[in-house]
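Next comes structure_2.tsv, with TSV, C-alpha atoms.
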```tsv
chain	number	residue	atom	x	y	z
T	1	MET	CA	0.00	0.00	0.00
T	2	THR	CA	1.32	3.43	-0.94
T	3	ASP	CA	0.84	6.73	0.81
T	4	THR	CA	-1.18	7.98	-2.19
T	5	GLU	CA	-4.03	5.59	-1.44
T	6	PRO	CA	-7.14	7.08	0.22
T	7	LEU	CA	-6.88	4.83	3.27
T	8	LEU	CA	-3.68	3.71	4.95
T	9	VAL	CA	-3.73	0.54	7.06
T	10	GLU	CA	-1.32	-0.40	9.83
T	11	GLN	CA	-1.63	-3.46	12.05
T	12	ARG	CA	-0.21	-2.71	15.49
T	13	GLY	CA	-0.53	-5.98	17.34
T	14	THR	CA	-4.23	-6.70	17.77
T	15	VAL	CA	-5.24	-3.13	16.86
T	16	ARG	CA	-5.82	-2.28	13.21
T	17	TRP	CA	-5.27	1.43	12.53
T	18	LEU	CA	-7.06	2.97	9.56
T	19	LEU	CA	-5.75	6.37	8.51
T	20	LEU	CA	-7.97	8.52	6.28
T	21	ASN	CA	-5.51	9.75	3.70
T	22	ARG	CA	-6.83	12.68	1.66
T	23	PRO	CA	-5.04	15.41	3.65
T	24	LYS	CA	-5.25	18.09	0.93
T	25	ARG	CA	-9.04	17.82	1.16
T	26	ARG	CA	-9.04	17.44	4.96
T	27	ASN	CA	-9.91	13.79	4.40
T	28	ALA	CA	-13.22	14.65	2.76
T	29	LEU	CA	-15.17	11.52	1.95
T	30	ASP	CA	-15.28	10.49	-1.71
T	31	VAL	CA	-16.16	7.23	-3.45
T	32	SER	CA	-12.62	5.83	-3.27
T	33	LEU	CA	-12.28	6.47	0.45
T	34	ILE	CA	-15.66	4.95	1.30
T	35	GLU	CA	-14.94	1.89	-0.86
T	36	ALA	CA	-11.58	1.41	0.88
T	37	LEU	CA	-13.14	1.84	4.31
T	38	ASP	CA	-15.90	-0.64	3.47
T	39	LYS	CA	-13.33	-3.24	2.39
T	40	GLN	CA	-11.43	-2.80	5.64
T	41	ILE	CA	-14.58	-3.39	7.68
T	42	THR	CA	-14.92	-6.79	6.01
T	43	SER	CA	-11.23	-7.57	6.36
T	44	ALA	CA	-10.93	-6.54	10.03
T	45	GLU	CA	-14.05	-8.42	11.07
T	46	ALA	CA	-12.78	-11.61	9.40
T	47	ASP	CA	-9.29	-11.36	10.91
T	48	PRO	CA	-8.97	-13.24	14.23
T	49	GLY	CA	-5.79	-11.27	14.90
T	50	THR	CA	-7.66	-7.96	14.95
T	51	ALA	CA	-9.46	-7.16	18.20
T	52	VAL	CA	-10.03	-3.40	17.81
T	53	ILE	CA	-10.19	-1.02	14.85
T	54	ALA	CA	-9.02	2.57	15.28
T	55	VAL	CA	-9.75	5.22	12.67
T	56	ALA	CA	-7.81	8.49	12.50
T	57	GLY	CA	-6.99	11.17	9.95
T	58	ASN	CA	-3.78	12.08	8.17
T	59	GLY	CA	-2.88	15.76	7.85
T	60	PRO	CA	-4.56	18.74	9.52
T	61	SER	CA	-7.93	17.12	10.29
T	62	PHE	CA	-9.74	13.92	11.11
T	63	CYS	CA	-12.42	14.45	8.47
T	64	ALA	CA	-14.21	17.55	7.19
T	65	GLY	CA	-17.20	15.66	5.78
T	66	GLY	CA	-18.34	14.68	2.30
T	67	ASP	CA	-16.33	15.90	-0.68
T	68	PHE	CA	-18.30	18.75	-2.27
T	69	HIS	CA	-16.46	18.20	-5.54
T	70	GLN	CA	-17.93	14.70	-5.63
T	71	PHE	CA	-21.40	16.10	-4.94
T	72	LEU	CA	-21.14	18.58	-7.81
T	73	GLU	CA	-19.72	16.01	-10.24
T	74	LEU	CA	-22.78	13.86	-9.60
T	75	HIS	CA	-25.11	16.84	-9.88
T	76	ASP	CA	-23.57	17.90	-13.19
T	77	ARG	CA	-24.23	14.39	-14.53
T	78	GLY	CA	-27.89	14.80	-13.60
T	79	GLU	CA	-27.68	12.60	-10.49
T	80	ASN	CA	-28.86	13.36	-6.97
T	81	PRO	CA	-25.92	12.76	-4.59
T	82	VAL	CA	-28.25	10.76	-2.35
T	83	ASN	CA	-26.97	7.55	-3.95
T	84	PHE	CA	-23.43	8.42	-2.90
T	85	LEU	CA	-24.69	9.36	0.56
T	86	THR	CA	-26.53	6.03	0.76
T	87	ASP	CA	-23.17	4.26	0.39
T	88	ILE	CA	-21.64	6.41	3.13
T	89	SER	CA	-24.59	5.80	5.43
T	90	ALA	CA	-24.42	2.05	4.81
T	91	CYS	CA	-20.67	2.03	5.50
T	92	PHE	CA	-21.10	3.86	8.80
T	93	SER	CA	-23.98	1.58	9.77
T	94	ARG	CA	-21.67	-1.39	9.23
T	95	ILE	CA	-19.20	0.19	11.66
T	96	ALA	CA	-21.94	0.76	14.22
T	97	ALA	CA	-23.10	-2.85	13.87
T	98	SER	CA	-19.63	-4.40	13.83
T	99	PRO	CA	-19.05	-7.05	16.51
T	100	LYS	CA	-15.60	-5.57	17.11
T	101	PRO	CA	-15.02	-2.26	18.92
T	102	TRP	CA	-14.19	0.82	16.84
T	103	VAL	CA	-12.31	3.83	18.20
T	104	ALA	CA	-12.41	7.26	16.52
T	105	VAL	CA	-9.30	9.39	17.10
T	106	LEU	CA	-10.15	13.03	16.40
T	107	HIS	CA	-8.01	16.08	15.73
T	108	GLY	CA	-8.33	19.26	13.70
T	109	HIS	CA	-11.90	19.02	12.44
T	110	ALA	CA	-14.59	16.35	12.78
T	111	VAL	CA	-17.44	17.91	10.85
T	112	ALA	CA	-20.54	16.66	9.00
T	113	GLY	CA	-19.54	13.26	7.60
T	114	GLY	CA	-16.50	13.30	9.88
T	115	LEU	CA	-18.78	13.71	12.88
T	116	GLU	CA	-21.05	10.98	11.52
T	117	LEU	CA	-18.10	8.60	11.22
T	118	ALA	CA	-17.12	9.31	14.82
T	119	LEU	CA	-20.72	8.80	15.96
T	120	ALA	CA	-20.74	5.34	14.36
T	121	CYS	CA	-17.73	4.31	16.44
T	122	ASP	CA	-17.97	2.90	19.96
T	123	VAL	CA	-15.34	5.05	21.64
T	124	VAL	CA	-14.08	8.54	20.80
T	125	VAL	CA	-10.76	10.11	21.77
T	126	ALA	CA	-10.08	13.73	20.82
T	127	ALA	CA	-7.40	16.38	20.93
T	128	ASP	CA	-8.69	19.27	23.02
T	129	THR	CA	-8.43	21.68	20.07
T	130	THR	CA	-10.57	19.56	17.74
T	131	LEU	CA	-13.52	21.46	16.29
T	132	ILE	CA	-16.59	19.22	16.22
T	133	GLY	CA	-20.03	19.79	14.79
T	134	ASP	CA	-22.63	18.78	12.25
T	135	GLY	CA	-22.05	21.78	10.00
T	136	HIS	CA	-24.48	20.75	7.25
T	137	LEU	CA	-26.72	23.81	7.49
T	138	THR	CA	-23.80	26.17	6.91
T	139	ARG	CA	-23.76	24.83	3.32
T	140	ARG	CA	-27.57	24.57	3.00
T	141	LEU	CA	-27.36	20.80	3.37
T	142	VAL	CA	-29.04	18.37	5.74
T	143	PRO	CA	-27.42	15.27	7.28
T	144	ALA	CA	-27.51	12.00	5.36
T	145	ALA	CA	-25.11	9.61	7.12
T	146	GLY	CA	-26.37	9.43	10.67
T	147	SER	CA	-25.95	12.60	12.70
T	148	SER	CA	-29.66	13.38	13.02
T	149	VAL	CA	-30.16	9.84	14.30
T	150	ARG	CA	-27.06	9.21	16.42
T	151	LEU	CA	-26.10	12.67	17.72
T	152	PRO	CA	-28.99	13.06	20.22
T	153	ALA	CA	-28.09	9.78	21.90
T	154	ALA	CA	-24.42	10.77	22.04
T	155	VAL	CA	-24.62	14.31	23.40
T	156	GLY	CA	-28.22	14.84	24.51
T	157	ARG	CA	-31.24	16.51	22.98
T	158	GLY	CA	-30.30	20.11	23.77
T	159	MET	CA	-26.75	20.10	22.43
T	160	SER	CA	-27.67	17.95	19.43
T	161	ARG	CA	-30.50	20.29	18.42
T	162	TRP	CA	-28.16	23.27	18.70
T	163	LEU	CA	-25.43	21.63	16.64
T	164	LEU	CA	-27.84	20.38	13.99
T	165	LEU	CA	-29.94	23.54	13.66
T	166	THR	CA	-27.07	26.05	13.67
T	167	GLY	CA	-24.16	24.13	12.14
T	168	GLU	CA	-21.90	25.60	14.81
T	169	LEU	CA	-18.56	23.92	15.50
T	170	LEU	CA	-17.50	23.55	19.12
T	171	PRO	CA	-14.13	22.60	20.61
T	172	ALA	CA	-13.85	19.08	21.98
T	173	THR	CA	-13.74	20.49	25.50
T	174	ALA	CA	-17.37	21.62	25.10
T	175	PHE	CA	-18.36	17.94	24.97
T	176	ALA	CA	-16.62	17.01	28.21
T	177	GLY	CA	-19.85	16.75	30.19
T	178	THR	CA	-21.73	14.63	27.66
T	179	GLY	CA	-19.88	11.37	28.22
T	180	TRP	CA	-19.58	10.86	24.46
T	181	ILE	CA	-15.82	11.49	24.25
T	182	ARG	CA	-13.87	9.02	26.38
T	183	ALA	CA	-10.74	11.19	26.65
T	184	ILE	CA	-9.94	14.79	25.68
T	185	VAL	CA	-6.20	15.44	25.72
T	186	PRO	CA	-3.58	17.83	24.31
T	187	GLU	CA	-2.81	16.87	20.72
T	188	PRO	CA	0.77	15.68	21.50
T	189	ASP	CA	-0.78	13.09	23.84
T	190	LEU	CA	-3.47	11.94	21.43
T	191	ASN	CA	-1.73	8.91	19.91
T	192	THR	CA	-0.50	7.60	23.26
T	193	THR	CA	-3.91	7.99	24.87
T	194	ALA	CA	-5.73	6.40	21.93
T	195	THR	CA	-3.29	3.48	21.93
T	196	ARG	CA	-3.86	2.89	25.64
T	197	ILE	CA	-7.63	2.93	25.21
T	198	CYS	CA	-7.45	0.56	22.25
T	199	HIS	CA	-5.37	-1.85	24.31
T	200	GLN	CA	-7.90	-1.71	27.14
T	201	LEU	CA	-10.60	-2.78	24.71
T	202	ALA	CA	-8.36	-5.42	23.12
T	203	ASP	CA	-7.65	-6.93	26.54
T	204	ARG	CA	-11.35	-7.88	26.73
T	205	ASN	CA	-11.43	-9.38	23.25
T	206	SER	CA	-13.58	-12.52	23.30
T	207	PRO	CA	-16.71	-14.00	21.73
T	208	ALA	CA	-18.58	-12.55	24.70
T	209	GLN	CA	-17.40	-9.04	23.87
T	210	HIS	CA	-18.45	-9.53	20.26
T	211	ARG	CA	-21.89	-10.77	21.27
T	212	LEU	CA	-22.29	-7.90	23.71
T	213	LYS	CA	-21.30	-5.34	21.09
T	214	THR	CA	-23.85	-6.83	18.68
T	215	LEU	CA	-26.52	-6.79	21.39
T	216	LEU	CA	-25.82	-3.16	22.28
T	217	HIS	CA	-26.30	-2.16	18.66
T	218	ARG	CA	-29.46	-4.22	18.29
T	219	ILE	CA	-31.18	-2.61	21.28
T	220	ASP	CA	-29.85	0.92	20.76
T	221	GLY	CA	-32.97	3.02	20.28
T	222	ILE	CA	-35.84	2.21	18.03
T	223	ALA	CA	-35.43	0.87	14.52
T	224	PRO	CA	-32.50	3.07	13.48
T	225	GLU	CA	-32.68	1.75	9.93
T	226	HIS	CA	-36.06	3.42	9.56
T	227	ALA	CA	-34.72	6.70	10.90
T	228	LEU	CA	-31.70	6.50	8.58
T	229	ARG	CA	-33.97	6.00	5.56
T	230	GLU	CA	-35.92	9.08	6.59
T	231	GLU	CA	-32.68	11.03	6.90
T	232	LEU	CA	-31.56	10.01	3.40
T	233	ALA	CA	-34.98	10.86	1.95
T	234	THR	CA	-34.77	14.31	3.54
T	235	PHE	CA	-31.33	14.85	2.00
T	236	ALA	CA	-32.66	13.89	-1.44
T	237	ASP	CA	-35.64	16.21	-1.15
T	238	ASN	CA	-33.51	19.07	0.11
T	239	TRP	CA	-30.99	18.65	-2.72
T	240	GLU	CA	-33.71	18.80	-5.34
T	241	ALA	CA	-35.74	21.58	-3.71
T	242	SER	CA	-32.88	23.96	-2.83
T	243	SER	CA	-30.09	25.57	-4.81
T	244	VAL	CA	-27.50	23.56	-2.92
T	245	ALA	CA	-25.25	22.96	-5.92
T	246	ASP	CA	-24.98	26.71	-6.57
T	247	ALA	CA	-24.15	27.33	-2.91
T	248	LEU	CA	-21.43	24.68	-3.04
T	249	ARG	CA	-19.97	26.20	-6.19
T	250	ASP	CA	-19.82	29.59	-4.46
T	251	PHE	CA	-18.08	28.01	-1.50
T	252	LEU	CA	-15.53	26.13	-3.61
T	253	ALA	CA	-14.79	28.91	-6.11
T	254	PRO	CA	-12.19	30.79	-4.00
T	255	HIS	CA	-10.41	27.50	-3.23
T	256	THR	CA	-10.41	25.99	-6.73
T	257	THR	CA	-6.96	25.35	-8.11
T	258	LYS	CA	-5.84	24.66	-11.64
T	259	ALA	CA	-5.58	20.96	-10.75
T	260	ASP	CA	-9.23	20.94	-9.70
T	261	THR	CA	-10.38	22.15	-13.10
T	262	THR	CA	-8.25	19.93	-15.34
```
Conversion result in structure tokens:
Amino acid sequence: MTDTEPLLVEQRGTVRWLLLNRPKRRNALDVSLIEALDKQITSAEADPGTAVIAVAGNGPSFCAGGDFHQFLELHDRGENPVNFLTDISACFSRIAASPKPWVAVLHGHAVAGGLELALACDVVVAADTTLIGDGHLTRRLVPAAGSSVRLPAAVGRGMSRWLLLTGELLPATAFAGTGWIRAIVPEPDLNTTATRICHQLADRNSPAQHRLKTLLHRIDGIAPEHALREELATFADNWEASSVADALRDFLAPHTTKADTT
């Protein structure tokens, strides 16, 4: 595997580390990254030598969300991006349902799809300077990969409504009282802390842990698959009913480079 691939994989003992590797786009989610992540879910679950999966980001951020360039490419071909978002949602649902524990290791930004990826994981560790939020409304979008479903359970009704309905980003320290983030540490300590937490989970690796993880997902709230379908349908309606593509073009225009247009 080369460092130009969208997802880097490193096996550290019984912990498989997955590194989102689109740093120039702040690890924005595109088709290639989701396909690579989906393959690693299958691989890690089938590997008896992997007890825990940790997902982190290369470069300045964990993940800034879906790749707007991908959205606009689909739109320009006459397609609603909801099909792409359906794949992302399904990938994150596989993580949430995985019998093995997943740990999200956040730094920089965990926004929109980045937040939704973290919400699908079992344990979250964050650098104290990480900016976290849903962020969709700031680009006239609505969630489509889980935040409207999973965020209230993670941080409570009040904070989730605020984050969803304003798009505001808050530092990781603002989440300290929610119980959602297991550890909030200075960024230089992030890798060490995340490694320790992964090892704690790996020490309990057993069929019983796998069954318990599966049970916890099965009883977590009411029929999340129905809620996720509603979320995707809302995204599709919003994309068609609003001038989202134009808003995204306006956002991307100042940042477009020659490479982006060739």
Wanna dump the region 103-157 of chain T-region 181-188 of chain T contacts at 7 Å for me, each residue with its shortest atom pair and the distance in Å to one decimal, counting only C-alpha atoms, ordered by chain and number, as a tab-separated table?
```
residue	atom	partner	partner_atom	distance
T:Val123	CA	T:Arg182	CA	6.4
T:Val124	CA	T:Ile181	CA	4.9
T:Val125	CA	T:Ala183	CA	5.0
T:Ala126	CA	T:Ile184	CA	5.0
T:Ala127	CA	T:Glu187	CA	4.6
T:Asp128	CA	T:Val185	CA	5.3
```
Selected residues written out, C-alpha atoms, as a PDB file, keeping the file's coordinate frame:
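Result file is part_3.pdb:
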```pdb
ATOM      1  CA  VAL T 123     -15.340   5.050  21.640  1.00  0.00           C
ATOM      2  CA  VAL T 124     -14.080   8.540  20.800  1.00  0.00           C
ATOM      3  CA  VAL T 125     -10.760  10.110  21.770  1.00  0.00           C
ATOM      4  CA  ALA T 126     -10.080  13.730  20.820  1.00  0.00           C
ATOM      5  CA  ALA T 127      -7.400  16.380  20.930  1.00  0.00           C
ATOM      6  CA  ASP T 128      -8.690  19.270  23.020  1.00  0.00           C
TER       7      ASP T 128
END
```
Item to check | Atomic distance CA of Thr166 (chain T) - CA of Leu115 (chain T), expressed in Å with one decimal | outcome: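 Atom-to-atom, CA of Thr166 (chain T) to CA of Leu115 (chain T), that is 14.9 Å.
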Checklist entry - Between CA of Leu212 (chain T) and CA of Leu151 (chain T), what is the spacing in Å? => result 21.8 Å
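When only C-alpha atoms are used to measure the gap to Asp76 (chain T), the shortest distance among T:Ala245, T:Leu37, T:Leu165, T:Ala144 belongs to T:Ala245.
Among T:Ala28, T:Thr138, T:Ser243, T:Ala51, the residue with the shortest atom-to-atom distance to His199 (chain T), counting all atoms listed in the file, is T:Ala51.
Separating CA of Gln200 (chain T) from CA of Ala120 (chain T) is a distance of 19.4 Å.
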Checklist entry - How would you write as a PyMOL selection string the residues that get within 8 Å of (-13.3, 6.5, 16.8) in the file's frame, counting all atoms listed in the file? => result chain T and resi 54-56+102-106+117-125
Dump C-alpha atoms for the selected residues as an mmCIF file, in the coordinates of the input?
```cif
data_model
loop_
_atom_site.group_PDB
_atom_site.id
_atom_site.type_symbol
_atom_site.label_atom_id
_atom_site.label_comp_id
_atom_site.auth_asym_id
_atom_site.auth_seq_id
_atom_site.Cartn_x
_atom_site.Cartn_y
_atom_site.Cartn_z
ATOM 1 C CA ALA T 54 -9.020 2.570 15.280
ATOM 2 C CA VAL T 55 -9.750 5.220 12.670
ATOM 3 C CA ALA T 56 -7.810 8.490 12.500
ATOM 4 C CA TRP T 102 -14.190 0.820 16.840
ATOM 5 C CA VAL T 103 -12.310 3.830 18.200
ATOM 6 C CA ALA T 104 -12.410 7.260 16.520
ATOM 7 C CA VAL T 105 -9.300 9.390 17.100
ATOM 8 C CA LEU T 106 -10.150 13.030 16.400
ATOM 9 C CA LEU T 117 -18.100 8.600 11.220
ATOM 10 C CA ALA T 118 -17.120 9.310 14.820
ATOM 11 C CA LEU T 119 -20.720 8.800 15.960
ATOM 12 C CA ALA T 120 -20.740 5.340 14.360
ATOM 13 C CA CYS T 121 -17.730 4.310 16.440
ATOM 14 C CA ASP T 122 -17.970 2.900 19.960
ATOM 15 C CA VAL T 123 -15.340 5.050 21.640
ATOM 16 C CA VAL T 124 -14.080 8.540 20.800
ATOM 17 C CA VAL T 125 -10.760 10.110 21.770
#
```
Checklist entry - With all atoms listed in the file as the atoms that count, which of T:Pro48, T:Pro60, T:Pro101, T:Gly66 lies nearest to Cys198 (chain T)? => result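 Closest candidate: T:Pro101.
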Checklist entry - Pick the closest to Arg229 (chain T) from T:Gly179, T:Pro171, T:Pro152, T:Gly146: which is it, counting all atoms listed in the file? => result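 Checking each of T:Gly179, T:Pro171, T:Pro152, T:Gly146 against Arg229 (chain T), counting all atoms listed in the file, the winner is T:Gly146.
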Checklist entry - Between T:Ile53, T:Val31, T:Ala208, T:Val244, which is the closest to Arg16 (chain T) once you count only C-alpha atoms? => result T:Ile53
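With only C-alpha atoms as the atoms that count, the residue of T:Leu164, T:Ile41, T:Leu190, T:Val149 with the shortest distance to His226 (chain T) is T:Val149.
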Any chance you could work out the axis-aligned box around region 133-148 of chain T, listed atoms only, 5 Å on each side, giving centre and edge lengths in Å to one decimal, as JSON?
```
{"center_x": -24.8, "center_y": 17.8, "center_z": 8.9, "size_x": 19.6, "size_y": 26.7, "size_z": 21.8}
```
Checklist entry - Which residues, protein or nucleic acid, reach to within 8 Å of (-17.7, 9.7, 1.6) in the file's coordinates when using all atoms listed in the file, and can you give that as a list in words? => result Ala28, Leu29, Asp30, Val31, Leu33, Ile34, Gly65, Gly66, Asp67, Phe84, Leu85, Asp87, Ile88 and Gly113 of chain T
Item to check | Residues within 10 Å of Ser32 (chain T), only C-alpha atoms, excluding chain neighbours under 6 positions, as a PyMOL selection string | outcome: chain T and resi 5-7+38
